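S.K.: Supplied in structure tokens, the structure appears directly below.
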Amino acid sequence: MSQTTDIQGPPRQSFSIGKIWTDKRTRGLVIQLLATIAICAVVLYLANNVVENFQKLGKPFGFSFLQQESNYDINQTLIEYSSRSTHARAAVVGILNTLLVAVCGIILASILGFILGVLRLSPNWLVNKLAYCYIEFVRNVPVLVHILLVHGILVHSLPKPKQAIDVADSFFLTNRGFFVPKPIAEPLFWAVIAAFVIGLIYAFWYRRSARIKQAATGEQSPVFWVMLGSIIGLPVLVYILTGMPLAWEIPELKGFNFKGGMALKPEFMSLWIALSLYTAAFIAEIVRAGIEAVNKGQTEAALALGLPRRRTLNLVIIPQALRVIIPPLNSQYLNITKNSSLAIAIGYMDIVATIGGITLNQTGREMECMLIVLGLYLFFSLTISSIMNWYNKRLALVER
Amino acid sequence: MSTSTSPYAPGEHPDEKPPIGQSGLVNWVYTNLFSSPFNIILTLVTAYFLYKILPPMFNWMFFDAVYVADSREHCRELNSGACWGFIGKRIGQFTYGFYPHELRWRVNLTFLLFIVAVLPVLWDNMPKRRLMLWFSALFPFIGFWLLSGGLGLETVETNKWGGFMLTMVIGVTGIAVSLPLGILLALGRQSDLHIIRWVCTGFIEFIRGVPLITLLFVASTMLNYFLPPGSNFDLLLRVLIMVVLFSAAYLAEVVRGGLQAIPKGQVEAADAMGLKYWQSMRLVVLPQALKISIPGIVNTFIGLFKDSTLVVIIGLLDPLGIGRASLSDTKWQGLSTEVYVFIALFFFICCFGMSRYSIYLEKKLHTGHSEE
Amino acid sequence: MSKLTKLAAGAAVAALFAANTSTAGTLDDVKAAGHVKCGISTGVPGFAFTDDGGAWQGFDPAVCKAVAAAIFGDTSKVKYTTTTGKTRFTALASGEVDMLARNTTWTFSRDTDLKLDFVGVNYYDGQGFMIPSELGVESAKDLDGASVCIQTGTTTELNLADFFRTNGISYEAVPIETNDEARTNYVAGRCDVYTTDASGLAATRSSLEDPAAHVLMPEIISKEPLGPLVRHGDSEWADIVRWTLNAMITAEELGVNSGNVDKMATGTDNPEINRLLGSEGDLGAMIGLDKAWAWRAIKMVGNYGEVFEQYIGADTPIGLDRGLNALWTQGGILYSPPFR
């Protein structure tokens with residue numbers, strides 16, 4: 001009798017309100033429920049405020065202003081753009097400019113960072129100390145000051161167009177930009193592109209089969225040379241055979257400026273250089289830490305096994321160092337992308353300067369413009385993050 | 001007999017100089033600068049580079065510089081180098097912004113108290129550390145009261161704050177307030193409660209995904225729309241809120257790194273002892289996790305300190321903003337390089353000092369671990 | 001520690017969080033706060049700059065000072081807030097500032113769509129071009145292919161695009177945020193031409209190593225009436241700012257200046273002067289101030305002409321002519337409605 005009542009005990013307890021809090025599971029549920037309610041309430045409250053404010057100011061909310069004519073010009077555009085284009089197109093120009101400087105910055109910063117990191121480990125005292133001074137100075141000064149200083153130095157020290165530094169009459173370096181000949185494809189050029197694509201496919205197929213062969217038989221194939229030949233050699237051969245179907249538009253000094261050709265504007269160059277120099281200092285420290293993290297015994301063991309020095313580096317040290325390097329490198333790449341928003345200080349037309357700057361000013365749509373800018377940066381960051389995470393997973397130790 | 005095999009008794013070996021060729025200046029130069037042909041080239045190129053860069057730089061900065069002047073023309077008449085007279089005339093503005101002259105002692109006092117408050121946090125062998133930590137905890141109130149006034153002190157509006165003082169305010173508030181928030185976010189991200197974890201993760205990833213400058217634009221242009229109609233509050237406070245949220249997200253990741261480094265056994269042991277969640281966090285996990293994350297926290301602070309220059313873009317008068325407003329005085333127009341170099345030096349000194357401290361800590365913590 | 005810090009933050013929020021009761025009327029708010037909240041630019045030579053003592057000076061802050069003098073009789077009772085081209089309208093709309101006195105062009109859409117009220121014009125400007133004289137360019141229409149530095153955040157880039165499009169010539173736009181950066185670019189030869197409001201050009205030119213080596217083009221490609229502005233919806237406050245500015249203009253017209261205003265305030269033969277300075281009638285009461293409001297503004301800040309000469313006139317390094325900004329009686333278009 002008494003035993004049966006004991007067994008029926010627990011269900012009766014769950015009716016007590018106090019028990020909801022002492023039981024771990026229900027408490028978790030309650031907390032989550034409360035949190036959800038609180039968050040919803042805050043969001044609703046803020047949204048309500050926004051609606052009320054807009055009504056009070058008599059401002060409409062909407063993105064139709066993106067279809068209006070922008071009425072302003074942008075000096076560096078990767079796509080066709082004029083002051084008659086829409087605000088939306090100006091935004092696209094800004095996005096492309098941001099991406100351009102971010103991608104270029106990531107590449108240059110990585111190269112410089114690796115070089116600096118290696119120099120920092122150099123046995124040469126002078127080089128070592130110079131690299132140290134450079135890294136410490138650059139890391140400890142705000143990036144905005146860097147950008148302003150580099151821009152000032154570039155526009156002041158490079159010559160004006162009339163005194164351009166001239167390389168082979170086709171490359172010109174001035175404070176209006178670095179002018180290079182622009183390739184213009186003639187009809188037969190598609191053959192070269194086709195050759196390049198075929199070469200690329202063949203090269204990767206060859207590498208894969210060489211690996212399978214090596215795994216099966218231990219025989220090594222000259223992968224590097226074959227890849228070089230098919231990716232670069234083949235298109236060059238086709239290019240020569242088809243009679244060089246590529247014309248070059250040489251920049252020329254006409255009136256105030258160089259015309260024709262392609263130009264890297266000083267705003268782009270200074271932002272690119274400043275961001276790269278700044279981030280390179282951080283990457284250098286990451287690289288140094290990564291290389292130092294590889295146990296010295298690893299090198300000694302590889303050498304003892306009879307691996308040549310280059311292979312020791314390629315097969316033993318770098319793969320292990322990369323594992324330490326990649327995660328912090330990821331955040332440096334994100335930093336470059338985010339810091340590129342400082343372009344506004346020197347007049348490089350990125351997203352913040354186009355849609356978040358002039359468009360915002362002209363149309364007075366702060367809310368809409370800032371939402372677009374925030375959304376875009378979030379998208380870039382998440383993309384870079386996921387690419388780097390994927391790469392990191394590929395490199396990570398496969399634990400068995 | 002024994003003397004012939006070992007001429008010295010153990011421990012009485014005289015200190016002899018190393019053989020010639022293994023020491024001395026020549027040897028040092030050889031091994032460090034000219035050990036191989038590649039090294040020789042590297043050394044020579046570097047030396048030439050330094051020779052080209054350093055003398056003109058030093059001439060401009062020191063030997064040809066003008067230290068006292070009344071205007072830019074006056075500077076140019078006196079010498080060709082940097083015109084530090086400009087900075088000298090306006091050093092008060094660069095330091096205090098528009099803080100009233102007669103009240104500047106309050107800023108100085110706050111700064112002194114700040115050093116006193118920060119000492120027990122940084123120096124763990126300090127005598128009477130416990131007592132001092134209480135002062136550190138009270139400092140934010142005292143500092144805020146001293147700077148902004150009220151309760152018997154003359155009120156100073158935040159729009160008069162500027163220069164390096166503003167940089168310090170943003171940096172210190174940013175870290176002091178965002179640390180607890182960051183810890184909560186980090187715990188939330190590790191939590192078993194799904195919704196809490198999603199919210200924290202979403203918040204952290206959102207803040208880390210956008211540049212600080214866009215958040216500052218949000219503070220200056222958008223935040224008002226989120227408040228009840230007709231209400232409005234201080235721009236500096238809005239900026240501080242954004243800076244706090246920003247650094248909280250970064251600190252959360254630093255602390256999370258620390259939390260992950262704590263073995264799971266610690267939590268399980270605390271559970272077994274019957275500690276509640278918050279007790280086990282407060283008494284077991286966080287003290288260890290925070291100790292590991294201190295270098296990371298210092299690095300975040302350095303980053304935040306440097307990023308405080310961005311407020312110039314939304315019109316707050318940090319040193320760059322003061323420089324800009326000063327350069328609009330026709331007497332001094334065109335001296336922007338001096339301003340940038342001066343500000344760069346200030347930040348370098350502060351940040352370099354802090355990064356040295358963080359390296360020292362890292363080393364100290366490192367040895368602590370290996371001894372265990 | 002963490003709890004305490006949070007408490008500190010809470011206290012800070014509570015202390016700084018000042019509910020702005022804009023419904024009560026801006027003038028009451030201003031009187032209650034004891035100062036005028038005035039939005040100015042981050043620095044334009046002659047128009048807004050800090051002096052060596054750390055105080056804001058210039059043609060634009062003078063308007064704020066005049067309003068403060070009219071209300072409080074104390075030019076220091078102004079709380080300056082620096083605003084950028086991007087933040088200025090939000091700052092005004094949200095009540096962060098009570099008035100903007102920062103070279104802002106009066107345009108249709110700003111007056112209507114952005115819900116702002118321009119109360120008058122304190123400087124008639126127009127967009128011009130500056131170019132080194134060695135380039136030998138006579139007219140802006142010869143600028144085909146030139147690089148043009150523009151100061152953004154204003155209507156400048158729109159005018160420029162329109163001008164070059166109308167004339168069918170090409171150019172490279174180099175947009176710059178601040179006057180100082182733009183000047184750096186122009187001096188370095190990054191651009192051939194610098195374009196902004198003619199007053200800004202004159203100011204920048206005065207600061208160059210050799211001002212004579214640079215010329216301003218004859219073309220003025222836009223109308224830029226710059227003036228103080230307030231929020232929509234509070235006409236009483238708008239009246240105060242408007243008539244303070246008008247009082248300064250009228251004072252110049254009537255020959256009242258900071259030197260002789262005390263003597264004139266005791267009564268003159270000219271009834272308009274008497275009405276302006278409060279010795280006859282009570283105009284001040286109509287805008288919610290006392291009789292001596294205009295007297296204080298003129299006494300403490302000066303009449304329009306005095307302010308002009310002090311900060312941007314021919315004797316300053318900026319050296320602007322009165323031009324359009326001369327009184328209507330002297331060939332300009334500066335014209336204040338009568339005080340009656």
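Just so we're on the same page: first chain in the structure tokens is A, next is B, and so on; residues restart at 1 for each chain, and ligands are numbered from 1 in the order they show up.
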When you get a sec, could you note down which chain A residues fall within 6 Å of chain B, using only C-alpha atoms, as number ranges by chain?
M.R.: A: 32, 46, 49-50, 53, 124-125, 140-142, 338, 377-378, 381
S.K.: Could you work out which residues of chain C fall inside 7 Å of chain A? Count only C-alpha atoms, and format the result as a list in words.
M.R.: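 Taken together, these residues fit the definition: Lys86, Leu114, Gly145, Ala146, Gly153, Glu157, Leu158, Ala161, Glu172, Ala173, Val174, Pro175, Ile176, Glu177, Asn185, Ala188, Gly189 and Arg190 of chain C.
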S.K.: Could those selected residues go to a file with C-alpha atoms, as an mmCIF file, in the first residue's frame?
M.R.:
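Saved the output as selection36.cif:
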```cif
data_model
loop_
_atom_site.group_PDB
_atom_site.id
_atom_site.type_symbol
_atom_site.label_atom_id
_atom_site.label_comp_id
_atom_site.auth_asym_id
_atom_site.auth_seq_id
_atom_site.Cartn_x
_atom_site.Cartn_y
_atom_site.Cartn_z
ATOM 1 C CA LYS C 86 26.672 63.117 -42.598
ATOM 2 C CA LEU C 114 14.357 66.415 -44.529
ATOM 3 C CA GLY C 145 40.088 65.579 -68.653
ATOM 4 C CA ALA C 146 41.184 67.307 -65.475
ATOM 5 C CA GLY C 153 29.093 65.583 -47.895
ATOM 6 C CA GLU C 157 29.533 66.680 -56.072
ATOM 7 C CA LEU C 158 26.060 67.006 -57.583
ATOM 8 C CA ALA C 161 28.501 66.278 -62.132
ATOM 9 C CA GLU C 172 38.057 62.623 -62.828
ATOM 10 C CA ALA C 173 36.346 63.205 -59.493
ATOM 11 C CA VAL C 174 38.520 62.899 -56.396
ATOM 12 C CA PRO C 175 36.087 63.027 -53.479
ATOM 13 C CA ILE C 176 37.589 64.066 -50.125
ATOM 14 C CA GLU C 177 35.905 64.251 -46.722
ATOM 15 C CA ASN C 185 45.762 66.643 -52.374
ATOM 16 C CA ALA C 188 50.564 67.759 -53.967
ATOM 17 C CA GLY C 189 49.145 67.993 -57.468
ATOM 18 C CA ARG C 190 46.907 64.983 -57.019
#
```
S.K.: Could you tell me which residues of chain B sit within 6 Å of chain C when counting only C-alpha atoms, and give me the result as a count of residues only?
M.R.: 15
S.K.: Provide the atom CA of A:Ala216 to atom CA of A:Tyr202 distance in Å, to one decimal place.
M.R.: 20.8 Å
S.K.: Mind checking DSSP for stretch 51-287 of chain C and telling me the strand (DSSP E or B) residues as a PDB file with N, CA and C atoms, in the first residue's frame?
M.R.:
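Once written, selection04.pdb looks like this:
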```
ATOM      1  N   TRP C  56      35.922  78.042 -29.667  1.00  0.00           N
ATOM      2  CA  TRP C  56      35.464  78.041 -31.049  1.00  0.00           C
ATOM      3  C   TRP C  56      35.301  79.483 -31.528  1.00  0.00           C
ATOM      4  N   GLN C  57      35.803  79.757 -32.696  1.00  0.00           N
ATOM      5  CA  GLN C  57      35.717  81.075 -33.298  1.00  0.00           C
ATOM      6  C   GLN C  57      35.241  80.910 -34.728  1.00  0.00           C
ATOM      7  N   VAL C  78      26.919  78.764 -25.002  1.00  0.00           N
ATOM      8  CA  VAL C  78      26.648  77.963 -26.178  1.00  0.00           C
ATOM      9  C   VAL C  78      27.319  76.626 -25.965  1.00  0.00           C
ATOM     10  N   LYS C  79      26.574  75.566 -26.243  1.00  0.00           N
ATOM     11  CA  LYS C  79      27.187  74.246 -26.197  1.00  0.00           C
ATOM     12  C   LYS C  79      27.421  73.817 -27.646  1.00  0.00           C
ATOM     13  N   TYR C  80      28.695  73.827 -28.040  1.00  0.00           N
ATOM     14  CA  TYR C  80      28.999  73.499 -29.432  1.00  0.00           C
ATOM     15  C   TYR C  80      29.071  71.995 -29.613  1.00  0.00           C
ATOM     16  N   THR C  81      28.444  71.529 -30.662  1.00  0.00           N
ATOM     17  CA  THR C  81      28.569  70.123 -31.023  1.00  0.00           C
ATOM     18  C   THR C  81      29.107  70.077 -32.442  1.00  0.00           C
ATOM     19  N   THR C  82      30.225  69.414 -32.626  1.00  0.00           N
ATOM     20  CA  THR C  82      30.768  69.338 -33.981  1.00  0.00           C
ATOM     21  C   THR C  82      30.013  68.267 -34.749  1.00  0.00           C
ATOM     22  N   MET C  99      20.111  74.267 -33.032  1.00  0.00           N
ATOM     23  CA  MET C  99      20.243  74.944 -34.322  1.00  0.00           C
ATOM     24  C   MET C  99      21.557  74.528 -34.961  1.00  0.00           C
ATOM     25  N   LEU C 100      21.592  74.604 -36.272  1.00  0.00           N
ATOM     26  CA  LEU C 100      22.823  74.312 -36.994  1.00  0.00           C
ATOM     27  C   LEU C 100      23.333  75.621 -37.575  1.00  0.00           C
ATOM     28  N   THR C 105      23.883  74.486 -47.284  1.00  0.00           N
ATOM     29  CA  THR C 105      23.167  75.111 -48.374  1.00  0.00           C
ATOM     30  C   THR C 105      21.660  74.914 -48.227  1.00  0.00           C
ATOM     31  N   LEU C 116      13.427  70.258 -42.223  1.00  0.00           N
ATOM     32  CA  LEU C 116      14.232  71.265 -41.554  1.00  0.00           C
ATOM     33  C   LEU C 116      13.700  72.630 -41.938  1.00  0.00           C
ATOM     34  N   ASP C 117      14.046  73.651 -41.170  1.00  0.00           N
ATOM     35  CA  ASP C 117      13.641  75.013 -41.499  1.00  0.00           C
ATOM     36  C   ASP C 117      14.862  75.899 -41.588  1.00  0.00           C
ATOM     37  N   PHE C 118      15.120  76.418 -42.782  1.00  0.00           N
ATOM     38  CA  PHE C 118      16.190  77.405 -42.906  1.00  0.00           C
ATOM     39  C   PHE C 118      15.621  78.746 -42.492  1.00  0.00           C
ATOM     40  N   TYR C 123      25.400  83.769 -45.535  1.00  0.00           N
ATOM     41  CA  TYR C 123      26.457  83.950 -46.519  1.00  0.00           C
ATOM     42  C   TYR C 123      25.979  83.430 -47.867  1.00  0.00           C
ATOM     43  N   TYR C 124      25.976  84.313 -48.859  1.00  0.00           N
ATOM     44  CA  TYR C 124      25.610  83.889 -50.217  1.00  0.00           C
ATOM     45  C   TYR C 124      26.863  83.396 -50.903  1.00  0.00           C
ATOM     46  N   ASP C 125      26.885  82.107 -51.166  1.00  0.00           N
ATOM     47  CA  ASP C 125      28.091  81.517 -51.737  1.00  0.00           C
ATOM     48  C   ASP C 125      27.753  80.881 -53.077  1.00  0.00           C
ATOM     49  N   GLN C 127      29.566  77.688 -55.905  1.00  0.00           N
ATOM     50  CA  GLN C 127      30.681  76.774 -56.097  1.00  0.00           C
ATOM     51  C   GLN C 127      31.613  77.281 -57.191  1.00  0.00           C
ATOM     52  N   GLY C 128      32.887  77.346 -56.880  1.00  0.00           N
ATOM     53  CA  GLY C 128      33.855  77.818 -57.858  1.00  0.00           C
ATOM     54  C   GLY C 128      34.996  76.835 -58.027  1.00  0.00           C
ATOM     55  N   PHE C 129      35.964  77.238 -58.833  1.00  0.00           N
ATOM     56  CA  PHE C 129      37.126  76.384 -59.081  1.00  0.00           C
ATOM     57  C   PHE C 129      38.399  77.160 -58.787  1.00  0.00           C
ATOM     58  N   MET C 130      39.370  76.475 -58.222  1.00  0.00           N
ATOM     59  CA  MET C 130      40.694  77.068 -58.051  1.00  0.00           C
ATOM     60  C   MET C 130      41.690  76.209 -58.817  1.00  0.00           C
ATOM     61  N   ILE C 131      42.629  76.877 -59.459  1.00  0.00           N
ATOM     62  CA  ILE C 131      43.578  76.145 -60.302  1.00  0.00           C
ATOM     63  C   ILE C 131      44.915  76.875 -60.271  1.00  0.00           C
ATOM     64  N   PRO C 132      46.029  76.147 -60.336  1.00  0.00           N
ATOM     65  CA  PRO C 132      47.325  76.836 -60.377  1.00  0.00           C
ATOM     66  C   PRO C 132      47.414  77.679 -61.649  1.00  0.00           C
ATOM     67  N   ALA C 146      40.468  66.952 -66.693  1.00  0.00           N
ATOM     68  CA  ALA C 146      41.184  67.307 -65.475  1.00  0.00           C
ATOM     69  C   ALA C 146      40.737  66.454 -64.295  1.00  0.00           C
ATOM     70  N   SER C 147      41.628  66.354 -63.299  1.00  0.00           N
ATOM     71  CA  SER C 147      41.261  65.733 -62.025  1.00  0.00           C
ATOM     72  C   SER C 147      40.749  66.821 -61.104  1.00  0.00           C
ATOM     73  N   VAL C 148      39.603  66.582 -60.500  1.00  0.00           N
ATOM     74  CA  VAL C 148      38.981  67.616 -59.682  1.00  0.00           C
ATOM     75  C   VAL C 148      38.809  67.108 -58.251  1.00  0.00           C
ATOM     76  N   CYS C 149      39.418  67.819 -57.301  1.00  0.00           N
ATOM     77  CA  CYS C 149      39.211  67.485 -55.887  1.00  0.00           C
ATOM     78  C   CYS C 149      37.902  68.104 -55.425  1.00  0.00           C
ATOM     79  N   ILE C 150      37.043  67.284 -54.808  1.00  0.00           N
ATOM     80  CA  ILE C 150      35.765  67.782 -54.310  1.00  0.00           C
ATOM     81  C   ILE C 150      35.690  67.500 -52.828  1.00  0.00           C
ATOM     82  N   GLN C 151      35.140  68.437 -52.103  1.00  0.00           N
ATOM     83  CA  GLN C 151      34.861  68.144 -50.697  1.00  0.00           C
ATOM     84  C   GLN C 151      33.463  67.564 -50.616  1.00  0.00           C
ATOM     85  N   TYR C 171      35.907  64.410 -66.747  1.00  0.00           N
ATOM     86  CA  TYR C 171      36.764  64.780 -65.629  1.00  0.00           C
ATOM     87  C   TYR C 171      36.915  63.578 -64.717  1.00  0.00           C
ATOM     88  N   GLU C 172      37.889  63.668 -63.826  1.00  0.00           N
ATOM     89  CA  GLU C 172      38.057  62.623 -62.828  1.00  0.00           C
ATOM     90  C   GLU C 172      37.732  63.230 -61.473  1.00  0.00           C
ATOM     91  N   ALA C 173      36.739  62.660 -60.793  1.00  0.00           N
ATOM     92  CA  ALA C 173      36.346  63.205 -59.493  1.00  0.00           C
ATOM     93  C   ALA C 173      37.190  62.575 -58.395  1.00  0.00           C
ATOM     94  N   VAL C 174      37.778  63.403 -57.550  1.00  0.00           N
ATOM     95  CA  VAL C 174      38.520  62.899 -56.396  1.00  0.00           C
ATOM     96  C   VAL C 174      37.792  63.388 -55.144  1.00  0.00           C
ATOM     97  N   PRO C 175      36.902  62.559 -54.594  1.00  0.00           N
ATOM     98  CA  PRO C 175      36.087  63.027 -53.479  1.00  0.00           C
ATOM     99  C   PRO C 175      36.859  62.953 -52.165  1.00  0.00           C
ATOM    100  N   ILE C 176      36.844  64.007 -51.378  1.00  0.00           N
ATOM    101  CA  ILE C 176      37.589  64.066 -50.125  1.00  0.00           C
ATOM    102  C   ILE C 176      36.638  64.508 -49.023  1.00  0.00           C
ATOM    103  N   VAL C 193      42.427  70.766 -60.148  1.00  0.00           N
ATOM    104  CA  VAL C 193      41.466  71.777 -59.753  1.00  0.00           C
ATOM    105  C   VAL C 193      40.910  71.414 -58.398  1.00  0.00           C
ATOM    106  N   TYR C 194      40.633  72.425 -57.602  1.00  0.00           N
ATOM    107  CA  TYR C 194      39.926  72.178 -56.351  1.00  0.00           C
ATOM    108  C   TYR C 194      38.612  72.920 -56.441  1.00  0.00           C
ATOM    109  N   THR C 195      37.521  72.202 -56.183  1.00  0.00           N
ATOM    110  CA  THR C 195      36.236  72.877 -56.236  1.00  0.00           C
ATOM    111  C   THR C 195      35.488  72.729 -54.931  1.00  0.00           C
ATOM    112  N   THR C 196      35.014  73.833 -54.433  1.00  0.00           N
ATOM    113  CA  THR C 196      34.106  73.849 -53.294  1.00  0.00           C
ATOM    114  C   THR C 196      33.486  75.244 -53.305  1.00  0.00           C
ATOM    115  N   ASP C 197      32.804  75.624 -52.243  1.00  0.00           N
ATOM    116  CA  ASP C 197      32.231  76.962 -52.224  1.00  0.00           C
ATOM    117  C   ASP C 197      33.338  78.000 -52.350  1.00  0.00           C
ATOM    118  N   HIS C 214      47.897  80.833 -57.620  1.00  0.00           N
ATOM    119  CA  HIS C 214      46.644  80.107 -57.839  1.00  0.00           C
ATOM    120  C   HIS C 214      45.543  81.099 -58.152  1.00  0.00           C
ATOM    121  N   VAL C 215      44.690  80.748 -59.122  1.00  0.00           N
ATOM    122  CA  VAL C 215      43.612  81.661 -59.483  1.00  0.00           C
ATOM    123  C   VAL C 215      42.260  80.986 -59.305  1.00  0.00           C
ATOM    124  N   LEU C 216      41.253  81.819 -59.035  1.00  0.00           N
ATOM    125  CA  LEU C 216      39.889  81.311 -58.996  1.00  0.00           C
ATOM    126  C   LEU C 216      39.279  81.532 -60.374  1.00  0.00           C
ATOM    127  N   GLU C 224      24.756  78.847 -53.697  1.00  0.00           N
ATOM    128  CA  GLU C 224      24.895  78.187 -52.400  1.00  0.00           C
ATOM    129  C   GLU C 224      24.538  79.167 -51.296  1.00  0.00           C
ATOM    130  N   PRO C 225      23.263  79.377 -51.062  1.00  0.00           N
ATOM    131  CA  PRO C 225      22.908  80.233 -49.926  1.00  0.00           C
ATOM    132  C   PRO C 225      23.121  79.465 -48.623  1.00  0.00           C
ATOM    133  N   LEU C 226      24.112  79.870 -47.836  1.00  0.00           N
ATOM    134  CA  LEU C 226      24.412  79.166 -46.598  1.00  0.00           C
ATOM    135  C   LEU C 226      23.715  79.874 -45.448  1.00  0.00           C
ATOM    136  N   LEU C 229      19.911  76.842 -39.567  1.00  0.00           N
ATOM    137  CA  LEU C 229      18.643  76.144 -39.708  1.00  0.00           C
ATOM    138  C   LEU C 229      18.223  75.510 -38.394  1.00  0.00           C
ATOM    139  N   VAL C 230      16.933  75.286 -38.282  1.00  0.00           N
ATOM    140  CA  VAL C 230      16.371  74.664 -37.081  1.00  0.00           C
ATOM    141  C   VAL C 230      15.421  73.559 -37.525  1.00  0.00           C
ATOM    142  N   ARG C 231      14.880  72.844 -36.542  1.00  0.00           N
ATOM    143  CA  ARG C 231      13.911  71.785 -36.846  1.00  0.00           C
ATOM    144  C   ARG C 231      12.595  72.360 -37.341  1.00  0.00           C
TER     145      ARG C 231
END
```
S.K.: Just list as a list in words whatever in stretch 322-352 of chain B DSSP marks as helix (DSSP H, G or I).
M.R.: Ile322, Gly323, Arg324, Ala325, Ser326, Leu327, Ser336, Thr337, Glu338, Val339, Tyr340, Val341, Phe342, Ile343, Ala344, Leu345, Phe346, Phe347, Phe348, Ile349, Cys350, Cys351 and Phe352 of chain B
